[in-house]
Amino acid sequence: MKKYWKTILICLVIIITIGAFYIQTAMANDTELSFRIETISGNEEEIENVSLNVAYKNGDIHRWLDISKNGTTDTMNQSFIETLINSNTYGNLMFQKYIEEHRNFMRGKELNPTYYFEDEERLIYTNIPNDGRVIQGIPLTLKIHILDKKTNKQSSFEINTPVQASYDWVNVNNVYAEDGKIKIFVTGFLNNGGEELRIYTVNENKKELEHDSIIAKEELEEGMISSIRIFNDSEIIQTENYYLYMVEKYKDQRGDHVSAEPEQISSQVYLYSNITDQVEEWKVPDELKPHIGLMVIHENDIFIPVPSDTSLELNRYNIEKEQWENPLNFSFTNPASEEDHPFFELKNGKLYMVNHVSDGHSIFIGDLRTGESLYEGKIIGENNENLGPDFELYINHLYRNF
């Protein structure tokens with residue numbers, strides 16, 4: 001038997017070696033493309049900590065890149081060990097500040113912003129062990145770690161709470177802390193196909209569970225698919241006073257072999273206040289309902305963007321005033337073709353937009369409060385002679401380093 005295992009092992013080594021040779025050969029034959037963000041006007045500091053995650057197609061070559069004002073990072077052209085080390089590049093970049101300043105506290109913790117809360121005094125981390133799987137009859141464990149940033153002292157404790165059902169997966173969506181209370185927002189996917197959005201309120205001083213409430217629940221129904229969609233920015237770690245989410249139901253068409261969009265049966269938008277602990281249904285004007293999939297919440301405002309070929313109308317609802325403000329309008333250059341649509345994200349009180357135009361890609365940053373243009377730039381190819389006639393660049397995500 002040992003002889004056969006030795007033969008199999010030798011064959012595996014040969015296969016891996018040959019495969020690695022051809023991969024390296026293909027990589028060597030691919031002349032790398034490099035890009036950077038160049039400023040045209042505005043405050044260059046606006047782009048200082050911004051990176052674009054993009055994919056490009058150049059002939060038969062496909063690559064993933066991160067582009068910033070400093071140039072290009074190509075994670076595909078790394079060694080196997082480097083790829084393993086940097087497999088969570090985005091998380092590493094986002095948490096670089098925390099890792100440098102609080103190395104001991106950050107050791108062994110997942111780099112997921114939804115697990116963290118920070119204010120001037122503390123950094124709080126929560127997680128659910130066992131890969132988020134929950135079995136009925138076995139208590140759900142919430143682990144809470146707290147760092148006092150002034151004294152650099154750490155503390156931690158666990159909360160065990162009984163569960164009445166089994167979950168395929170439970171995930172922490174957000175953490176909020178105020179006045180000795182820690183609220184942990186959790187999505188649970190039930191074994192039977194249902195979904196819940198739940199808040200665990202923990203008394204920080206007594207280190208015990210004070211309240212467990214369900215603010216949204218969808219049970220499995222025959223012929224129907226349901227989902228709970230959250231519109232808060234998952235990258236925000238600081239205090240958020242409101243939680244915006246939508247409960248949707250669709251006709252189950254999975255057995256119909258149709259390619260059309262699922263038929264929506266109903267959708268309700270809800271707003272939860274961390275200040276009052278109250279949930280209320282939020283009514284969206286009929287003319288804006290087709291665009292609610294693009295809405296975001298930032299501080300005390302809800303934004304619903306309505307894009308057109310050459311502009312973006314940004315509708316804003318102030319939660320505390322309970323009224324719609326005058327919409328903001330941002331204009332941009334005509335796209336290169338009718339098939340092109342601007343990429344945009346609303347983050348940190350700003351509009352970030354990348355548009356494919358006739359001579360490349362333009363970048364725009366605007367202030368969501370005033371409608372003012374803060375920055376304009378473009379993506380520059382540093383070796384354009386290597387671009388093929390069918391070159392295409394796709395913007396996947398924009399992220400800000402701390």
# chains A, B, ... in the order shown; residues from 1 in each chain; ligands from 1
call {"tool": "select_by_dssp", "arguments": {"residues": "range 140-277 of chain A", "states": "strand (DSSP E)", "output": "number ranges by chain"}}
result
A: 140-148, 153-161, 167-178, 181-190, 195-203, 208-218, 224-230, 242-251, 264-273
call {"tool": "residues_around", "arguments": {"residues": "range 244-247 of chain A", "least_positions_apart": "5", "cutoff": "9 Å", "atoms": "only C-alpha atoms", "output": "list of chain:residue names"}}
result
A:Ala216, A:Lys217, A:Glu218, A:Ser226, A:Ser227, A:Ile228, A:Arg229, A:Ile230, A:Phe231, A:Asn232, A:Ser266, A:Ser267, A:Gln268, A:Val269, A:Tyr270, A:Leu271, A:Tyr272, A:Val296, A:Ile297, A:Ile302
call {"tool": "write_last_selection", "arguments": {"atoms": "N, CA, C and O atoms", "output": "compact mmCIF listing (two decimals), in the first residue's frame"}}
result
# COMPACT_ATOMS: atom_id res chain seq x y z
N ALA A 216 -37.41 42.17 12.76
CA ALA A 216 -37.92 41.73 11.45
C ALA A 216 -37.81 40.22 11.40
O ALA A 216 -36.83 39.63 11.86
N LYS A 217 -38.83 39.59 10.83
CA LYS A 217 -38.81 38.13 10.71
C LYS A 217 -39.57 37.71 9.47
O LYS A 217 -40.69 38.19 9.22
N GLU A 218 -38.97 36.82 8.70
CA GLU A 218 -39.60 36.25 7.52
C GLU A 218 -39.59 34.74 7.64
O GLU A 218 -38.53 34.13 7.78
N SER A 226 -38.28 35.15 0.41
CA SER A 226 -38.25 36.41 1.15
C SER A 226 -36.82 36.74 1.54
O SER A 226 -35.94 35.87 1.57
N SER A 227 -36.57 38.01 1.82
CA SER A 227 -35.25 38.44 2.24
C SER A 227 -35.37 39.71 3.07
O SER A 227 -36.34 40.46 2.96
N ILE A 228 -34.35 39.93 3.91
CA ILE A 228 -34.24 41.16 4.70
C ILE A 228 -32.98 41.87 4.24
O ILE A 228 -31.88 41.32 4.37
N ARG A 229 -33.13 43.06 3.70
CA ARG A 229 -32.00 43.80 3.14
C ARG A 229 -31.68 45.01 4.00
O ARG A 229 -32.57 45.78 4.35
N ILE A 230 -30.39 45.18 4.34
CA ILE A 230 -29.96 46.26 5.22
C ILE A 230 -29.25 47.33 4.40
O ILE A 230 -28.43 47.01 3.54
N PHE A 231 -29.54 48.61 4.67
CA PHE A 231 -29.02 49.71 3.86
C PHE A 231 -27.97 50.56 4.59
O PHE A 231 -27.47 51.51 4.02
N ASN A 232 -27.65 50.23 5.82
CA ASN A 232 -26.56 50.94 6.50
C ASN A 232 -25.23 50.58 5.86
O ASN A 232 -25.03 49.45 5.41
N SER A 266 -44.24 41.95 -2.43
CA SER A 266 -44.38 43.05 -1.48
C SER A 266 -43.00 43.50 -1.01
O SER A 266 -42.02 42.75 -1.10
N SER A 267 -42.94 44.72 -0.50
CA SER A 267 -41.73 45.23 0.12
C SER A 267 -42.11 46.33 1.11
O SER A 267 -42.92 47.20 0.79
N GLN A 268 -41.54 46.25 2.29
CA GLN A 268 -41.75 47.26 3.32
C GLN A 268 -40.40 47.73 3.83
O GLN A 268 -39.51 46.92 4.08
N VAL A 269 -40.26 49.05 3.98
CA VAL A 269 -39.04 49.64 4.49
C VAL A 269 -39.27 50.05 5.94
O VAL A 269 -40.31 50.65 6.27
N TYR A 270 -38.31 49.73 6.81
CA TYR A 270 -38.45 50.03 8.23
C TYR A 270 -37.24 50.83 8.72
O TYR A 270 -36.13 50.69 8.21
N LEU A 271 -37.50 51.64 9.74
CA LEU A 271 -36.47 52.46 10.36
C LEU A 271 -36.47 52.19 11.86
O LEU A 271 -37.49 52.36 12.53
N TYR A 272 -35.32 51.72 12.36
CA TYR A 272 -35.19 51.47 13.80
C TYR A 272 -34.34 52.57 14.41
O TYR A 272 -33.27 52.91 13.89
N VAL A 296 -29.32 54.75 0.64
CA VAL A 296 -28.40 54.56 1.76
C VAL A 296 -28.82 55.50 2.87
O VAL A 296 -29.52 56.49 2.64
N ILE A 297 -28.35 55.19 4.09
CA ILE A 297 -28.59 56.07 5.22
C ILE A 297 -27.25 56.57 5.72
O ILE A 297 -26.29 55.82 5.83
N ILE A 302 -31.63 59.98 4.84
CA ILE A 302 -31.77 58.86 3.91
C ILE A 302 -31.67 59.43 2.50
O ILE A 302 -32.38 60.39 2.16
call {"tool": "closest_residue", "arguments": {"among": "A:Val202, A:Val279, A:His356, A:Gly71", "to": "Ser337 in chain A", "atoms": "only C-alpha atoms"}}
result
A:His356
call {"tool": "residues_around", "arguments": {"residues": "range 387-397 of chain A", "least_positions_apart": "6", "cutoff": "6 Å", "atoms": "only C-alpha atoms", "output": "PDB file with C-alpha atoms, in the first residue's frame"}}
result
ATOM      1  CA  LEU A  52     -10.780  51.418  -6.507  1.00  0.00           C
ATOM      2  CA  ASN A  53     -11.070  47.672  -6.821  1.00  0.00           C
ATOM      3  CA  VAL A  54     -11.337  46.962 -10.553  1.00  0.00           C
ATOM      4  CA  ALA A  55     -11.220  44.118 -13.061  1.00  0.00           C
ATOM      5  CA  TYR A  56      -9.908  44.491 -16.578  1.00  0.00           C
ATOM      6  CA  LYS A  57     -10.060  42.462 -19.754  1.00  0.00           C
ATOM      7  CA  ASN A  58      -7.222  42.912 -22.246  1.00  0.00           C
TER       8      ASN A  58
END
call {"tool": "residues_around", "arguments": {"residues": "Leu288 in chain A", "least_positions_apart": "2", "cutoff": "9 Å", "atoms": "only C-alpha atoms", "output": "mmCIF file with all heavy atoms, in the first residue's frame"}}
result
data_model
loop_
_atom_site.group_PDB
_atom_site.id
_atom_site.type_symbol
_atom_site.label_atom_id
_atom_site.label_comp_id
_atom_site.auth_asym_id
_atom_site.auth_seq_id
_atom_site.Cartn_x
_atom_site.Cartn_y
_atom_site.Cartn_z
ATOM 1 N N VAL A 284 -42.142 55.303 1.314
ATOM 2 C CA VAL A 284 -41.366 55.853 0.204
ATOM 3 C C VAL A 284 -42.335 56.384 -0.843
ATOM 4 O O VAL A 284 -43.284 55.691 -1.220
ATOM 5 C CB VAL A 284 -40.454 54.779 -0.418
ATOM 6 C CG1 VAL A 284 -39.620 55.357 -1.543
ATOM 7 C CG2 VAL A 284 -39.562 54.163 0.651
ATOM 8 N N PRO A 285 -42.134 57.618 -1.340
ATOM 9 C CA PRO A 285 -43.001 58.140 -2.399
ATOM 10 C C PRO A 285 -43.015 57.205 -3.607
ATOM 11 O O PRO A 285 -41.993 56.593 -3.948
ATOM 12 C CB PRO A 285 -42.370 59.494 -2.748
ATOM 13 C CG PRO A 285 -41.629 59.886 -1.508
ATOM 14 C CD PRO A 285 -41.133 58.607 -0.905
ATOM 15 N N ASP A 286 -44.181 57.099 -4.263
ATOM 16 C CA ASP A 286 -44.332 56.161 -5.379
ATOM 17 C C ASP A 286 -43.305 56.385 -6.471
ATOM 18 O O ASP A 286 -42.779 55.425 -7.052
ATOM 19 C CB ASP A 286 -45.750 56.281 -5.967
ATOM 20 C CG ASP A 286 -46.811 55.741 -5.023
ATOM 21 O OD1 ASP A 286 -46.451 54.966 -4.111
ATOM 22 O OD2 ASP A 286 -47.996 56.102 -5.185
ATOM 23 N N PRO A 290 -39.068 52.758 -7.527
ATOM 24 C CA PRO A 290 -38.202 51.967 -8.419
ATOM 25 C C PRO A 290 -36.716 52.088 -8.099
ATOM 26 O O PRO A 290 -35.914 51.302 -8.601
ATOM 27 C CB PRO A 290 -38.513 52.555 -9.804
ATOM 28 C CG PRO A 290 -39.854 53.179 -9.686
ATOM 29 C CD PRO A 290 -39.900 53.711 -8.284
ATOM 30 N N HIS A 291 -36.357 53.064 -7.259
ATOM 31 C CA HIS A 291 -34.931 53.327 -7.003
ATOM 32 C C HIS A 291 -34.526 53.010 -5.563
ATOM 33 O O HIS A 291 -33.393 53.318 -5.180
ATOM 34 C CB HIS A 291 -34.624 54.799 -7.310
ATOM 35 C CG HIS A 291 -35.041 55.234 -8.678
ATOM 36 N ND1 HIS A 291 -34.323 54.926 -9.814
ATOM 37 C CD2 HIS A 291 -36.132 55.943 -9.095
ATOM 38 C CE1 HIS A 291 -34.932 55.434 -10.867
ATOM 39 N NE2 HIS A 291 -36.026 56.054 -10.457
ATOM 40 N N ILE A 292 -35.405 52.412 -4.779
ATOM 41 C CA ILE A 292 -35.072 52.211 -3.363
ATOM 42 C C ILE A 292 -33.935 51.209 -3.166
ATOM 43 O O ILE A 292 -33.302 51.188 -2.113
ATOM 44 C CB ILE A 292 -36.306 51.792 -2.527
ATOM 45 C CG1 ILE A 292 -36.911 50.497 -3.067
ATOM 46 C CG2 ILE A 292 -37.325 52.909 -2.492
ATOM 47 C CD1 ILE A 292 -38.073 49.992 -2.209
ATOM 48 N N ILE A 304 -31.858 58.727 -1.663
ATOM 49 C CA ILE A 304 -32.291 57.853 -2.758
ATOM 50 C C ILE A 304 -31.822 58.480 -4.067
ATOM 51 O O ILE A 304 -32.363 59.495 -4.511
ATOM 52 C CB ILE A 304 -33.815 57.662 -2.781
ATOM 53 C CG1 ILE A 304 -34.302 57.048 -1.463
ATOM 54 C CG2 ILE A 304 -34.219 56.768 -3.953
ATOM 55 C CD1 ILE A 304 -35.787 56.779 -1.408
ATOM 56 N N PRO A 305 -30.799 57.918 -4.708
ATOM 57 C CA PRO A 305 -30.312 58.473 -5.974
ATOM 58 C C PRO A 305 -31.163 58.014 -7.153
ATOM 59 O O PRO A 305 -31.598 56.863 -7.213
ATOM 60 C CB PRO A 305 -28.883 57.915 -6.074
ATOM 61 C CG PRO A 305 -28.893 56.678 -5.252
ATOM 62 C CD PRO A 305 -29.951 56.842 -4.204
ATOM 63 N N VAL A 306 -31.395 58.941 -8.084
ATOM 64 C CA VAL A 306 -32.114 58.632 -9.326
ATOM 65 C C VAL A 306 -31.183 58.986 -10.482
ATOM 66 O O VAL A 306 -31.024 60.159 -10.820
ATOM 67 C CB VAL A 306 -33.434 59.423 -9.425
ATOM 68 C CG1 VAL A 306 -34.138 59.093 -10.734
ATOM 69 C CG2 VAL A 306 -34.337 59.114 -8.236
ATOM 70 N N ASN A 315 -32.141 62.496 -3.910
ATOM 71 C CA ASN A 315 -33.255 62.858 -3.046
ATOM 72 C C ASN A 315 -32.895 62.558 -1.594
ATOM 73 O O ASN A 315 -32.381 61.479 -1.281
ATOM 74 C CB ASN A 315 -34.496 62.069 -3.454
ATOM 75 C CG ASN A 315 -34.903 62.369 -4.881
ATOM 76 O OD1 ASN A 315 -35.643 63.309 -5.145
ATOM 77 N ND2 ASN A 315 -34.415 61.566 -5.824
#
call {"tool": "closest_residue", "arguments": {"among": "A:Phe35, A:Tyr200, A:Trp324, A:Tyr116", "to": "Thr239 in chain A", "atoms": "only C-alpha atoms"}}
result
A:Tyr116
call {"tool": "residues_around", "arguments": {"residues": "Asp148 in chain A", "least_positions_apart": "3", "cutoff": "12 Å", "atoms": "only C-alpha atoms", "output": "list of chain:residue names"}}
result
A:His102, A:Phe105, A:Glu118, A:Asp119, A:Glu120, A:Glu121, A:Arg122, A:Leu123, A:Ile124, A:Tyr125, A:His145, A:Thr151, A:Asn152, A:Lys153, A:Gln154, A:Ser155, A:Ser156
call {"tool": "residues_around", "arguments": {"residues": "Gly42 in chain A", "least_positions_apart": "5", "cutoff": "7 Å", "atoms": "only C-alpha atoms", "output": "short mmCIF file (atom, residue, chain, number, x, y, z; two decimals) with all heavy atoms, in the first residue's frame"}}
result
data_model
loop_
_atom_site.label_atom_id
_atom_site.label_comp_id
_atom_site.auth_asym_id
_atom_site.auth_seq_id
_atom_site.Cartn_x
_atom_site.Cartn_y
_atom_site.Cartn_z
N LEU A 374 -16.18 68.41 -4.88
CA LEU A 374 -15.00 68.41 -4.03
C LEU A 374 -13.74 68.00 -4.78
O LEU A 374 -12.64 68.43 -4.45
CB LEU A 374 -15.19 67.47 -2.84
CG LEU A 374 -16.37 67.76 -1.91
CD1 LEU A 374 -16.51 66.66 -0.88
CD2 LEU A 374 -16.20 69.12 -1.24
N TYR A 375 -13.93 67.16 -5.80
CA TYR A 375 -12.76 66.62 -6.50
C TYR A 375 -13.16 66.08 -7.87
O TYR A 375 -14.25 65.51 -8.04
CB TYR A 375 -12.14 65.48 -5.67
CG TYR A 375 -10.98 64.79 -6.35
CD1 TYR A 375 -9.68 65.24 -6.18
CD2 TYR A 375 -11.19 63.68 -7.16
CE1 TYR A 375 -8.61 64.61 -6.81
CE2 TYR A 375 -10.13 63.04 -7.79
CZ TYR A 375 -8.84 63.51 -7.61
OH TYR A 375 -7.78 62.89 -8.24
N GLU A 376 -12.28 66.29 -8.85
CA GLU A 376 -12.43 65.67 -10.16
C GLU A 376 -11.08 65.12 -10.60
O GLU A 376 -10.05 65.77 -10.41
CB GLU A 376 -12.96 66.67 -11.18
CG GLU A 376 -14.40 67.10 -10.92
CD GLU A 376 -14.96 67.97 -12.04
OE1 GLU A 376 -14.61 67.71 -13.21
OE2 GLU A 376 -15.72 68.89 -11.73
#
call {"tool": "residues_around", "arguments": {"residues": "Asp179 in chain A", "least_positions_apart": "4", "cutoff": "12 Å", "atoms": "only C-alpha atoms", "output": "list in words"}}
result
Lys183, Thr201, Val202, Asn203, Glu204, Asn205, Asn274 and Ile275 of chain A
call {"tool": "select_by_dssp", "arguments": {"residues": "range 234-390 of chain A", "states": "helix (DSSP H, G or I)", "output": "PyMOL selection string"}}
result
chain A and resi 286-294+384-386
call {"tool": "closest_residue", "arguments": {"among": "A:Glu281, A:Ile365, A:Lys143, A:Asn300", "to": "Phe330 in chain A", "atoms": "only C-alpha atoms"}}
result
A:Ile365
call {"tool": "closest_residue", "arguments": {"among": "A:Ser34, A:Asn191, A:Asp277, A:Ile47", "to": "Lys350 in chain A", "atoms": "only C-alpha atoms"}}
result
A:Ile47
call {"tool": "atom_distance", "arguments": {"atom1": "CA of Val163 in chain A", "atom2": "CA of Tyr115 in chain A"}}
result
20.9 Å
call {"tool": "atom_distance", "arguments": {"atom1": "CA of Lys149 in chain A", "atom2": "CA of Arg400 in chain A"}}
result
22.8 Å
